[in-house]
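What follows is a short report on a single structure.
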Amino acid sequence: MKILFKGHDFKYETEATVKLFIPGRFEFLYDETNADGDIVSTQLKKGKHFTYLFAVCRIDGKTVRKSLKIASQYADEKTYEHEICRLVFLCLKKLTGITPPWGLLTGIRPVRKMTELIDKGYSKNDCFDTLRNQYMTSDRRLELAYQTAENQIPLLKTVDPQSISIYISIPFCPTRCSYCSFVSHSLDSARKLIPDYIRLLCKEIEILGKIVRDMNFRIDTVYFGGGTPTSIEASQLDILMKTLAENIDISKVREYNVEAGRADTITYDKLRVIKQNGAGRISVNPQTLNDDVLKNIGRMHTAQDTINAYKTAREIGFDNINMDLIAGLPGDTYDSFVNTLDRVMELDPESITVHTLTIKRSATLYGENNIKLFAESMTADMVNRSMDILPQKGWLPYYLYRQKNTLENLENIGFAKKGKESLYNIFIMDETQIILGAGCAASTKLIEKNGKITRIHNYKFPYEYINRFDELMKKKELIYQIYGEK
Ligand code: SF4
């Protein structure tokens with residue numbers, strides 16, 4: 001597919017709009033030479049008093065055209081960009097028969113738009129009308145965004161400006177799932193790196209401890225994520241968690257998470273270590289409770305293993321457990337997804353996060369044929385079923401985000417029982433809180449009083465993190481430059 005830009009260069013948003021309908025890569029053209037075959041052609045023509053916008057989309061020989069005339073004095077570049085995307089959207093909707101659930105809303109944080117309107121005092125109807133008119137978002141998604149915003153607004157108001165979150169990354173997994181696009185490393189390939197990684201991660205935690213003291217930060221939430229944090233030994237987890245407690249005052253944290261994750265890594269000893277070191281919220285992630293689908297995605301455990309891990313966590317005393325599910329996995333069906341959902345609800349975790357499968361280029365599953373195969377699945381029905389049944393049973397949507405290359409342009413939704421919402425998840429999505437990250441691929445997010453956000457990215461791969469550790473730590477000086485010595 002080609003995309004032609006004439007008279008403008010709104011490349012990013014136009015491409016994002018086309019991607020709502022057509023997956024894959026695009027060829028960008030700036031004149032009509034080679035403008036043959038399937039194409040999205042866009043044009044902006046400025047006149048003295050009016051500006052004319054055009055979109056012509058052609059797929060398999062069928063063409064749809066749309067145009068718009070805008071009085072120049074009432075418009076700016078942002079308006080032109082939005083309107084060109086709207087024309088492209090309307091053409092492609094007609095040509096493909098697809099109605100993207102979020103309409104023209106392409107960002108990863110649709111709830112923010114809703115929250116902004118609520119904060120301005122708009123009624124629910126006015127919020128819906130505004131977003132419906134501007135983005136053609138479906139009422140079902142507007143309702144989801146509204147409910148999510150309503151559940152998170154009171155929690156966002158509890159953020160103390162001096163409080164921050166800590167993220168610790170353990171980028172190892174027993175094997176790599178076929179849909180994975182993270183920088184996780186299978187234990188077989190990375191085992192020899194683990195001791196050095198743990199040693200340096202402890203050192204980075206000590207450095208963060210000094211920064212926290214120097215800056216007078218108060219720790220609000222802690223999150224051990226990955227990869228799969230429980231893929232390392234119980235004794236190694238113990239060292240890391242103790243190092244954290246010895247170097248950073250976590251006595252006032254409101255939430256301490258460890259993403260236990262995969263059942264094939266969870267043992268009684270590891271859960272005991274996690275509990276004894278003060279973590280109160282863990283994830284035990286089935287993704288699916290269909291054993292055939294687990295095989296399809298390269299998981300080496302069964303559904304029963306997940307259930308056993310969950311029960312062990314309860315026996316040890318965890319009273320805040322999240323379970324992640326994924327809609328749209330290869331080989332899954334609507335009935336099998338509903339069966340997973342029902343069985344997970346029977347287990348009664350405090351929160352259930354429903355992700356939609358996203359296939360990025362670095363995933364083993366990536367490929368045009370695969371994308372087609374999944375796009376024709378019943379993923380939207382699976383997600384819609386979750387949106388209907390979970391709130392009815394007491395799990396309310398409290399955070400959501402979208403990603404690129406997600407099946408049917410859907411979203412990831414965190415549902416939780418009242419009072420069991422994860423603060424870390426809300427804060428990271430709303431970008432309200434400073435996060436200090438440690439470990440491979442962790443990022444540090446610095447937010448200034450004027451809202452400016454600066455990020456420091458740690459190296460992606462364990463060998464880089466180990467070999468260039470000192471160089472990496474130098475980057476942390478930026479924190480002092482931004483906030484100044486206290
Ligand atoms: S458990 Fe998560 S991070 Fe690990 S391989 Fe699977 S998808 Fe990737």
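If you're wondering about the labels, chains in the structure tokens are A, B, ... by order shown, residues count from 1 in each chain, ligands from 1 in order shown.
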### Query
Neighbours of A:Trp102 within 7 Å (only C-alpha atoms; same-chain residues fewer than 4 positions away dropped), as a ChimeraX atom specification?
/A:137-138,141
### Residues within 12 Å of A:Arg191, only C-alpha atoms, excluding chain neighbours under 2 positions, as a ChimeraX atom specification
/A:171-175,185-189,193-198,231-233,462-463
Nearby residues, ligand 1, 6 Å, only C-alpha atoms and all ligand atoms, as a PDB file with all heavy atoms, in the first residue's frame:
ATOM      1  N   CYS A 173      13.051 -14.967  31.196  1.00  0.00           N
ATOM      2  CA  CYS A 173      11.864 -15.817  31.181  1.00  0.00           C
ATOM      3  C   CYS A 173      12.330 -17.243  30.912  1.00  0.00           C
ATOM      4  O   CYS A 173      13.378 -17.438  30.277  1.00  0.00           O
ATOM      5  CB  CYS A 173      10.914 -15.410  30.053  1.00  0.00           C
ATOM      6  SG  CYS A 173      10.084 -13.857  30.412  1.00  0.00           S
ATOM      7  N   THR A 175      11.165 -19.510  28.840  1.00  0.00           N
ATOM      8  CA  THR A 175      11.234 -19.636  27.376  1.00  0.00           C
ATOM      9  C   THR A 175      10.557 -18.391  26.831  1.00  0.00           C
ATOM     10  O   THR A 175       9.915 -17.656  27.576  1.00  0.00           O
ATOM     11  CB  THR A 175      10.413 -20.857  26.875  1.00  0.00           C
ATOM     12  OG1 THR A 175       9.100 -20.750  27.407  1.00  0.00           O
ATOM     13  CG2 THR A 175      11.051 -22.168  27.265  1.00  0.00           C
ATOM     14  N   ARG A 176      10.706 -18.166  25.542  1.00  0.00           N
ATOM     15  CA  ARG A 176      10.111 -16.960  24.968  1.00  0.00           C
ATOM     16  C   ARG A 176       8.754 -17.294  24.351  1.00  0.00           C
ATOM     17  O   ARG A 176       8.649 -18.206  23.515  1.00  0.00           O
ATOM     18  CB  ARG A 176      11.067 -16.418  23.900  1.00  0.00           C
ATOM     19  CG  ARG A 176      10.723 -15.029  23.430  1.00  0.00           C
ATOM     20  CD  ARG A 176      11.884 -14.494  22.599  1.00  0.00           C
ATOM     21  NE  ARG A 176      11.459 -13.405  21.748  1.00  0.00           N
ATOM     22  CZ  ARG A 176      11.424 -12.133  22.123  1.00  0.00           C
ATOM     23  NH1 ARG A 176      11.803 -11.800  23.339  1.00  0.00           N
ATOM     24  NH2 ARG A 176      11.024 -11.204  21.299  1.00  0.00           N
ATOM     25  N   CYS A 177       7.735 -16.585  24.747  1.00  0.00           N
ATOM     26  CA  CYS A 177       6.404 -16.813  24.160  1.00  0.00           C
ATOM     27  C   CYS A 177       6.411 -16.341  22.703  1.00  0.00           C
ATOM     28  O   CYS A 177       7.100 -15.377  22.367  1.00  0.00           O
ATOM     29  CB  CYS A 177       5.334 -16.027  24.926  1.00  0.00           C
ATOM     30  SG  CYS A 177       5.313 -16.365  26.686  1.00  0.00           S
ATOM     31  N   CYS A 180       5.791 -12.660  22.028  1.00  0.00           N
ATOM     32  CA  CYS A 180       6.519 -11.691  22.855  1.00  0.00           C
ATOM     33  C   CYS A 180       7.358 -10.725  22.021  1.00  0.00           C
ATOM     34  O   CYS A 180       8.058 -11.134  21.099  1.00  0.00           O
ATOM     35  CB  CYS A 180       7.435 -12.436  23.820  1.00  0.00           C
ATOM     36  SG  CYS A 180       8.317 -11.301  24.906  1.00  0.00           S
ATOM     37  N   PHE A 182       8.996  -8.209  23.971  1.00  0.00           N
ATOM     38  CA  PHE A 182       9.848  -7.570  24.965  1.00  0.00           C
ATOM     39  C   PHE A 182      11.281  -8.054  24.784  1.00  0.00           C
ATOM     40  O   PHE A 182      11.543  -8.966  24.025  1.00  0.00           O
ATOM     41  CB  PHE A 182       9.382  -7.902  26.391  1.00  0.00           C
ATOM     42  CG  PHE A 182       8.006  -7.420  26.681  1.00  0.00           C
ATOM     43  CD1 PHE A 182       7.021  -8.297  27.071  1.00  0.00           C
ATOM     44  CD2 PHE A 182       7.693  -6.084  26.550  1.00  0.00           C
ATOM     45  CE1 PHE A 182       5.734  -7.859  27.332  1.00  0.00           C
ATOM     46  CE2 PHE A 182       6.416  -5.634  26.813  1.00  0.00           C
ATOM     47  CZ  PHE A 182       5.436  -6.531  27.198  1.00  0.00           C
ATOM     48  N   SER A 184      12.873  -9.839  26.703  1.00  0.00           N
ATOM     49  CA  SER A 184      13.111 -10.904  27.672  1.00  0.00           C
ATOM     50  C   SER A 184      14.056 -11.949  27.065  1.00  0.00           C
ATOM     51  O   SER A 184      14.072 -12.169  25.865  1.00  0.00           O
ATOM     52  CB  SER A 184      11.792 -11.555  28.039  1.00  0.00           C
ATOM     53  OG  SER A 184      11.249 -12.142  26.897  1.00  0.00           O
ATOM     54  N   GLY A 226       9.140  -7.530  34.344  1.00  0.00           N
ATOM     55  CA  GLY A 226      10.139  -8.204  33.501  1.00  0.00           C
ATOM     56  C   GLY A 226       9.799  -8.115  32.042  1.00  0.00           C
ATOM     57  O   GLY A 226       9.199  -7.132  31.609  1.00  0.00           O
ATOM     58  N   GLY A 227      10.110  -9.195  31.374  1.00  0.00           N
ATOM     59  CA  GLY A 227      10.363 -10.593  31.729  1.00  0.00           C
ATOM     60  C   GLY A 227       9.459 -11.144  32.822  1.00  0.00           C
ATOM     61  O   GLY A 227       8.324 -10.740  32.972  1.00  0.00           O
ATOM     62  N   THR A 228      10.032 -12.074  33.548  1.00  0.00           N
ATOM     63  CA  THR A 228       9.305 -12.740  34.631  1.00  0.00           C
ATOM     64  C   THR A 228      10.190 -12.720  35.868  1.00  0.00           C
ATOM     65  O   THR A 228      11.165 -13.490  35.946  1.00  0.00           O
ATOM     66  CB  THR A 228       8.971 -14.199  34.234  1.00  0.00           C
ATOM     67  OG1 THR A 228       8.258 -14.193  33.011  1.00  0.00           O
ATOM     68  CG2 THR A 228       8.142 -14.884  35.300  1.00  0.00           C
TER      69      THR A 228
END
### Task
Could you give me, as an MDAnalysis selection string, each residue of stretch 65-299 of chain A that DSSP assigns to strand (DSSP E) when run on this structure's backbone?
chainID A and resid 65:71 163:170 172:173 185:186 218:226 255:261 281:284
Residues from the last selection, N, CA and C atoms, saved as a compact mmCIF listing (two decimals), in the first residue's frame:
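out_4.txt, freshly written:
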# COMPACT_ATOMS: atom_id res chain seq x y z
N ARG A 65 -13.72 8.73 -2.74
CA ARG A 65 -13.14 10.07 -2.61
C ARG A 65 -13.90 10.87 -1.57
N LYS A 66 -13.19 11.72 -0.86
CA LYS A 66 -13.84 12.66 0.07
C LYS A 66 -13.08 13.98 -0.01
N SER A 67 -13.80 15.07 0.22
CA SER A 67 -13.11 16.36 0.21
C SER A 67 -13.78 17.30 1.21
N LEU A 68 -13.08 18.36 1.54
CA LEU A 68 -13.59 19.33 2.52
C LEU A 68 -13.01 20.70 2.22
N LYS A 69 -13.86 21.73 2.41
CA LYS A 69 -13.39 23.11 2.21
C LYS A 69 -13.48 23.81 3.57
N ILE A 70 -12.37 24.40 4.03
CA ILE A 70 -12.37 25.04 5.35
C ILE A 70 -11.96 26.51 5.18
N ALA A 71 -12.68 27.40 5.86
CA ALA A 71 -12.28 28.82 5.84
C ALA A 71 -10.94 28.94 6.57
N SER A 163 6.09 12.17 46.02
CA SER A 163 6.16 10.71 46.03
C SER A 163 6.48 10.19 44.63
N ILE A 164 7.19 9.07 44.60
CA ILE A 164 7.61 8.49 43.32
C ILE A 164 7.39 6.98 43.36
N SER A 165 7.56 6.36 42.20
CA SER A 165 7.51 4.90 42.13
C SER A 165 8.87 4.35 41.71
N ILE A 166 9.10 3.11 42.10
CA ILE A 166 10.36 2.43 41.73
C ILE A 166 10.00 1.22 40.87
N TYR A 167 10.71 1.09 39.77
CA TYR A 167 10.50 -0.09 38.90
C TYR A 167 11.81 -0.88 38.82
N ILE A 168 11.75 -2.16 39.09
CA ILE A 168 12.94 -3.02 39.01
C ILE A 168 12.69 -4.07 37.94
N SER A 169 13.62 -4.16 36.99
CA SER A 169 13.40 -5.06 35.86
C SER A 169 14.23 -6.34 35.97
N ILE A 170 13.55 -7.46 35.80
CA ILE A 170 14.25 -8.76 35.73
C ILE A 170 13.89 -9.35 34.37
N PHE A 172 14.31 -11.83 32.42
CA PHE A 172 14.50 -13.23 32.01
C PHE A 172 13.17 -13.97 32.06
N CYS A 173 13.05 -14.97 31.20
CA CYS A 173 11.86 -15.82 31.18
C CYS A 173 12.33 -17.24 30.91
N HIS A 185 14.82 -12.58 27.94
CA HIS A 185 15.79 -13.56 27.47
C HIS A 185 15.48 -14.90 28.08
N SER A 186 15.49 -15.96 27.26
CA SER A 186 15.20 -17.26 27.83
C SER A 186 16.33 -17.64 28.77
N ARG A 218 9.70 10.42 48.36
CA ARG A 218 9.04 9.40 49.19
C ARG A 218 8.53 8.30 48.26
N ILE A 219 8.78 7.05 48.63
CA ILE A 219 8.40 5.96 47.73
C ILE A 219 6.93 5.59 47.96
N ASP A 220 6.19 5.64 46.87
CA ASP A 220 4.75 5.39 46.93
C ASP A 220 4.42 3.96 46.49
N THR A 221 5.01 3.56 45.37
CA THR A 221 4.78 2.19 44.90
C THR A 221 6.08 1.58 44.39
N VAL A 222 6.13 0.27 44.46
CA VAL A 222 7.28 -0.48 43.93
C VAL A 222 6.74 -1.54 42.97
N TYR A 223 7.45 -1.73 41.87
CA TYR A 223 7.00 -2.74 40.91
C TYR A 223 8.19 -3.55 40.42
N PHE A 224 8.18 -4.84 40.68
CA PHE A 224 9.17 -5.75 40.08
C PHE A 224 8.52 -6.36 38.84
N GLY A 225 9.06 -6.02 37.67
CA GLY A 225 8.47 -6.53 36.42
C GLY A 225 9.54 -7.16 35.55
N GLY A 226 9.14 -7.53 34.34
CA GLY A 226 10.14 -8.20 33.50
C GLY A 226 9.80 -8.11 32.04
N GLU A 255 1.80 0.49 47.75
CA GLU A 255 1.60 -0.72 46.92
C GLU A 255 2.96 -1.29 46.54
N TYR A 256 3.12 -2.59 46.74
CA TYR A 256 4.39 -3.25 46.41
C TYR A 256 4.03 -4.46 45.55
N ASN A 257 4.37 -4.36 44.26
CA ASN A 257 3.98 -5.39 43.29
C ASN A 257 5.15 -6.27 42.89
N VAL A 258 4.88 -7.54 42.73
CA VAL A 258 5.85 -8.40 42.02
C VAL A 258 5.07 -9.18 40.98
N GLU A 259 5.52 -9.05 39.74
CA GLU A 259 4.84 -9.74 38.66
C GLU A 259 5.35 -11.17 38.63
N ALA A 260 4.70 -12.04 39.42
CA ALA A 260 5.17 -13.44 39.45
C ALA A 260 5.03 -14.03 38.05
N GLY A 261 3.93 -13.73 37.40
CA GLY A 261 3.81 -14.07 35.98
C GLY A 261 3.53 -15.52 35.70
N ARG A 281 1.11 -7.28 46.44
CA ARG A 281 0.31 -7.55 45.23
C ARG A 281 1.17 -8.34 44.25
N ILE A 282 0.66 -9.46 43.80
CA ILE A 282 1.38 -10.22 42.78
C ILE A 282 0.46 -10.51 41.60
N SER A 283 1.09 -10.85 40.48
CA SER A 283 0.32 -11.30 39.32
C SER A 283 0.62 -12.78 39.11
N VAL A 284 -0.40 -13.53 38.85
CA VAL A 284 -0.23 -14.92 38.42
C VAL A 284 -0.99 -14.98 37.10
I'd like the contact shell of A:Leu142 - 12 Å cut-off, only C-alpha atoms, skipping same-chain residues fewer than 6 positions apart - returned as a compact mmCIF listing (two decimals) with C-alpha atoms, in the first residue's frame.
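The file below, around_6.txt, is the result:
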# COMPACT_ATOMS: atom_id res chain seq x y z
CA PRO A 101 -13.94 0.76 17.77
CA TRP A 102 -11.97 3.81 18.91
CA GLY A 103 -12.63 5.67 15.66
CA LEU A 105 -8.45 8.07 18.34
CA PRO A 110 -7.79 7.35 25.26
CA VAL A 111 -8.95 7.75 28.86
CA ARG A 112 -6.91 10.93 29.19
CA LYS A 113 -9.08 12.73 26.67
CA MET A 114 -12.15 11.74 28.67
CA THR A 115 -10.52 12.78 31.96
CA LYS A 124 -21.29 12.70 30.55
CA ASN A 125 -23.42 13.54 27.51
CA ASP A 126 -21.19 16.45 26.57
CA CYS A 127 -18.08 14.28 26.93
CA PHE A 128 -19.63 11.70 24.63
CA ASP A 129 -20.81 14.25 22.08
CA THR A 130 -17.42 15.95 21.96
CA LEU A 131 -15.42 12.78 21.46
CA ARG A 132 -17.98 11.22 19.14
CA ASN A 133 -17.94 14.27 16.89
CA TYR A 135 -13.04 11.08 16.70
CA MET A 136 -16.06 8.99 15.66
CA THR A 148 -12.40 3.92 33.62
CA ALA A 149 -11.90 7.66 34.09
### Message
Residues near stretch 42-46 of chain A, anyone? I mean within 7 Å using only C-alpha atoms, not counting same-chain ones fewer than 4 positions away, as a ChimeraX atom specification.
### Response
/A:4-8,50-56
### Distance query stretch 297-311 of chain A at most 8 Å, only C-alpha atoms, self and fewer than 6 positions along chain excluded, as a list in words
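So the residues in contact are Thr175, Arg176, Cys177, Ser178, Tyr179, Arg262, Ala263, Asp264, Ile266, Thr267, Val284, Asn285, Pro286, Thr288, Leu289, Asn290, Asp291, Leu329 and Pro330 of chain A.
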Restricted to all heavy atoms, what would the selected residues look like written as a compact mmCIF listing (two decimals), in the first residue's frame?
# COMPACT_ATOMS: atom_id res chain seq x y z
N THR A 175 11.17 -19.51 28.84
CA THR A 175 11.23 -19.64 27.38
C THR A 175 10.56 -18.39 26.83
O THR A 175 9.91 -17.66 27.58
CB THR A 175 10.41 -20.86 26.88
OG1 THR A 175 9.10 -20.75 27.41
CG2 THR A 175 11.05 -22.17 27.26
N ARG A 176 10.71 -18.17 25.54
CA ARG A 176 10.11 -16.96 24.97
C ARG A 176 8.75 -17.29 24.35
O ARG A 176 8.65 -18.21 23.51
CB ARG A 176 11.07 -16.42 23.90
CG ARG A 176 10.72 -15.03 23.43
CD ARG A 176 11.88 -14.49 22.60
NE ARG A 176 11.46 -13.40 21.75
CZ ARG A 176 11.42 -12.13 22.12
NH1 ARG A 176 11.80 -11.80 23.34
NH2 ARG A 176 11.02 -11.20 21.30
N CYS A 177 7.73 -16.58 24.75
CA CYS A 177 6.40 -16.81 24.16
C CYS A 177 6.41 -16.34 22.70
O CYS A 177 7.10 -15.38 22.37
CB CYS A 177 5.33 -16.03 24.93
SG CYS A 177 5.31 -16.37 26.69
N SER A 178 5.60 -17.00 21.89
CA SER A 178 5.68 -16.70 20.45
C SER A 178 5.20 -15.29 20.10
O SER A 178 5.56 -14.76 19.07
CB SER A 178 4.86 -17.73 19.67
OG SER A 178 3.53 -17.69 20.13
N TYR A 179 4.38 -14.69 20.96
CA TYR A 179 3.88 -13.34 20.66
C TYR A 179 4.73 -12.26 21.31
O TYR A 179 4.45 -11.07 21.19
CB TYR A 179 2.42 -13.20 21.15
CG TYR A 179 2.26 -13.44 22.63
CD1 TYR A 179 2.49 -12.43 23.55
CD2 TYR A 179 1.94 -14.71 23.10
CE1 TYR A 179 2.39 -12.66 24.90
CE2 TYR A 179 1.82 -14.95 24.46
CZ TYR A 179 2.05 -13.92 25.36
OH TYR A 179 1.96 -14.15 26.69
N ARG A 262 4.49 -16.18 35.12
CA ARG A 262 4.24 -17.52 34.56
C ARG A 262 4.27 -18.62 35.60
O ARG A 262 5.16 -18.68 36.44
CB ARG A 262 5.29 -17.81 33.50
CG ARG A 262 5.14 -16.94 32.30
CD ARG A 262 6.31 -17.03 31.37
NE ARG A 262 6.67 -18.39 30.99
CZ ARG A 262 7.28 -18.68 29.85
NH1 ARG A 262 7.55 -17.72 28.99
NH2 ARG A 262 7.60 -19.91 29.57
N ALA A 263 3.32 -19.53 35.45
CA ALA A 263 3.20 -20.62 36.43
C ALA A 263 4.44 -21.49 36.47
O ALA A 263 4.77 -22.06 37.51
CB ALA A 263 1.98 -21.46 36.08
N ASP A 264 5.15 -21.60 35.33
CA ASP A 264 6.32 -22.48 35.33
C ASP A 264 7.51 -21.89 36.08
O ASP A 264 8.58 -22.49 36.12
CB ASP A 264 6.72 -22.89 33.90
CG ASP A 264 6.77 -21.73 32.92
OD1 ASP A 264 6.38 -20.61 33.31
OD2 ASP A 264 7.19 -21.94 31.77
N ILE A 266 6.79 -20.19 39.23
CA ILE A 266 6.31 -19.86 40.57
C ILE A 266 6.46 -21.08 41.50
O ILE A 266 5.95 -22.16 41.18
CB ILE A 266 4.82 -19.42 40.52
CG1 ILE A 266 4.70 -18.16 39.64
CG2 ILE A 266 4.28 -19.15 41.92
CD1 ILE A 266 3.27 -17.69 39.40
N THR A 267 7.16 -20.88 42.60
CA THR A 267 7.30 -21.96 43.58
C THR A 267 6.88 -21.42 44.95
O THR A 267 6.84 -20.20 45.16
CB THR A 267 8.76 -22.44 43.69
OG1 THR A 267 9.54 -21.34 44.17
CG2 THR A 267 9.32 -22.92 42.37
N VAL A 284 -0.40 -13.53 38.85
CA VAL A 284 -0.23 -14.92 38.42
C VAL A 284 -0.99 -14.98 37.10
O VAL A 284 -2.21 -14.89 37.08
CB VAL A 284 -0.85 -15.90 39.44
CG1 VAL A 284 -0.74 -17.34 38.94
CG2 VAL A 284 -0.18 -15.76 40.81
N ASN A 285 -0.25 -15.06 36.01
CA ASN A 285 -0.87 -14.78 34.71
C ASN A 285 -1.15 -16.02 33.89
O ASN A 285 -0.23 -16.61 33.33
CB ASN A 285 0.04 -13.85 33.90
CG ASN A 285 0.21 -12.51 34.58
OD1 ASN A 285 -0.66 -12.07 35.32
ND2 ASN A 285 1.35 -11.87 34.36
N PRO A 286 -2.40 -16.41 33.78
CA PRO A 286 -2.69 -17.59 32.95
C PRO A 286 -2.55 -17.29 31.45
O PRO A 286 -2.20 -18.15 30.69
CB PRO A 286 -4.14 -17.92 33.28
CG PRO A 286 -4.66 -16.86 34.17
CD PRO A 286 -3.58 -15.85 34.41
N THR A 288 -4.25 -17.80 29.17
CA THR A 288 -5.41 -18.62 28.78
C THR A 288 -5.40 -19.85 29.68
O THR A 288 -4.34 -20.25 30.18
CB THR A 288 -5.30 -19.08 27.31
OG1 THR A 288 -6.30 -20.08 27.06
CG2 THR A 288 -3.94 -19.67 26.98
N LEU A 289 -6.56 -20.45 29.87
CA LEU A 289 -6.59 -21.72 30.60
C LEU A 289 -6.88 -22.86 29.62
O LEU A 289 -7.40 -23.91 30.00
CB LEU A 289 -7.62 -21.67 31.74
CG LEU A 289 -7.23 -20.75 32.91
CD1 LEU A 289 -8.33 -20.70 33.96
CD2 LEU A 289 -5.92 -21.19 33.57
N ASN A 290 -6.56 -22.66 28.36
CA ASN A 290 -6.71 -23.70 27.35
C ASN A 290 -5.31 -24.26 27.06
O ASN A 290 -4.44 -23.56 26.56
CB ASN A 290 -7.33 -23.07 26.09
CG ASN A 290 -7.49 -24.07 24.97
OD1 ASN A 290 -6.66 -24.94 24.78
ND2 ASN A 290 -8.57 -23.91 24.20
N ASP A 291 -5.10 -25.55 27.39
CA ASP A 291 -3.76 -26.13 27.26
C ASP A 291 -3.24 -26.13 25.82
O ASP A 291 -2.04 -25.96 25.59
CB ASP A 291 -3.75 -27.56 27.81
CG ASP A 291 -3.76 -27.56 29.34
OD1 ASP A 291 -3.35 -26.54 29.93
OD2 ASP A 291 -4.17 -28.57 29.93
N LEU A 329 -5.48 -15.03 21.12
CA LEU A 329 -4.30 -15.89 20.98
C LEU A 329 -4.52 -16.92 19.87
O LEU A 329 -5.66 -17.35 19.64
CB LEU A 329 -4.03 -16.62 22.31
CG LEU A 329 -3.46 -15.75 23.43
CD1 LEU A 329 -3.40 -16.52 24.74
CD2 LEU A 329 -2.07 -15.22 23.07
N PRO A 330 -3.45 -17.36 19.22
CA PRO A 330 -3.62 -18.30 18.10
C PRO A 330 -4.25 -19.61 18.58
O PRO A 330 -3.81 -20.19 19.56
CB PRO A 330 -2.18 -18.54 17.61
CG PRO A 330 -1.29 -18.00 18.66
CD PRO A 330 -2.06 -16.97 19.41
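Closest approach to A:Lys19 among A:Ser386, A:Thr353, A:Asn247, A:Thr106: A:Thr106, based on only C-alpha atoms.
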### Query
Excluding same-chain residues fewer than 5 positions from A:Arg468, what lies within 12 Å of it counting only C-alpha atoms, as a list in words?
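Neighbouring residues, sequence-local ones excluded: Tyr197, Leu200, Cys440, Asn458, Tyr459, Lys460, Phe461, Pro462, Tyr463, Met473, Lys474 and Lys475 of chain A.
Comparing the minimum interatomic distances between A:Phe10 and each of A:Asp348, A:Glu83, A:Glu32, A:Asp332, counting only C-alpha atoms, we find that A:Glu83 sits nearest.
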If we count only C-alpha atoms and set the cut-off at 12 Å, which residues sit around stretch 12-17 of chain A, ignoring sequence neighbours fewer than 6 positions away in its own chain? Please answer as a CSV table (one decimal) with C-alpha atoms, in the first residue's frame.
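Here's the written file part34.csv:
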chain,number,residue,atom,x,y,z
A,1,MET,CA,0.0,0.0,0.0
A,2,LYS,CA,1.2,3.5,-0.9
A,3,ILE,CA,0.4,6.7,0.9
A,4,LEU,CA,0.7,10.0,-1.1
A,5,PHE,CA,1.2,13.3,0.6
A,23,PRO,CA,-1.8,-3.7,8.7
A,24,GLY,CA,1.8,-3.8,7.3
A,25,ARG,CA,4.3,-1.4,5.9
A,26,PHE,CA,3.7,1.5,3.6
A,27,GLU,CA,5.5,3.2,0.8
A,28,PHE,CA,5.4,7.0,1.1
A,39,ILE,CA,-3.1,3.9,-2.6
A,40,VAL,CA,-4.2,6.4,-0.1
A,41,SER,CA,-3.8,9.8,-1.7
A,42,THR,CA,-4.1,12.9,0.4
A,43,GLN,CA,-3.8,16.6,-0.6
A,55,ALA,CA,-8.5,12.1,0.2
A,78,LYS,CA,-3.6,20.8,13.7
A,80,TYR,CA,-5.9,20.4,8.8
A,81,GLU,CA,-4.0,17.3,10.0
A,82,HIS,CA,-7.1,16.1,11.9
A,83,GLU,CA,-9.4,16.7,9.0
A,84,ILE,CA,-7.2,15.0,6.4
A,85,CYS,CA,-7.1,12.0,8.7
A,86,ARG,CA,-10.9,12.1,9.1
A,87,LEU,CA,-11.3,12.1,5.3
A,88,VAL,CA,-8.9,9.1,5.0
A,89,PHE,CA,-10.8,7.4,7.8
A,90,LEU,CA,-14.2,7.8,6.1
A,91,CYS,CA,-12.8,6.6,2.7
A,92,LEU,CA,-11.2,3.5,4.2
A,93,LYS,CA,-14.2,2.7,6.4
A,100,PRO,CA,-12.5,0.8,14.2
A,102,TRP,CA,-12.0,3.8,18.9
A,103,GLY,CA,-12.6,5.7,15.7
A,104,LEU,CA,-9.9,8.1,14.9
A,105,LEU,CA,-8.4,8.1,18.3
A,106,THR,CA,-5.0,6.6,17.7
A,107,GLY,CA,-3.1,7.4,20.9
A,108,ILE,CA,-2.3,5.0,23.6
A,135,TYR,CA,-13.0,11.1,16.7
A,403,GLN,CA,-0.8,-0.3,21.6
A,404,LYS,CA,0.1,-0.3,17.9
A,405,ASN,CA,-0.5,-3.5,16.0
A,409,ASN,CA,-7.5,-2.0,17.1
### Length of the atom CA of A:Ala416 to atom CA of A:Leu396 vector [Å]
5.3 Å
### Message
Would you compute the distance between atom CA of A:Leu423 and atom CA of A:Arg254? Give it in Å to one decimal.
### Response
8.2 Å
### Message
I need the residue nearest A:Gly439 from this list: A:Leu95, A:Met378, A:Leu156, A:Ile466. Use only C-alpha atoms for the distance.
### Response
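Comparing A:Leu95, A:Met378, A:Leu156, A:Ile466 against A:Gly439, the winner is A:Ile466.
Atom CA of A:Gly317 is positioned 9.7 Å from atom CA of A:Leu271.
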### Task
Just list the residues in stretch 92-207 of chain A DSSP gives alpha helix (DSSP H) on the backbone, as a ChimeraX atom specification.
/A:92-96,110-119,124-135,139-156,187-190,194-207
### Query
Of the residues A:Tyr424, A:Trp395, A:Phe469, A:Tyr268, which is the one nearest to A:Met323, using only C-alpha atoms?
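The answer is A:Trp395, which sits nearest to A:Met323.
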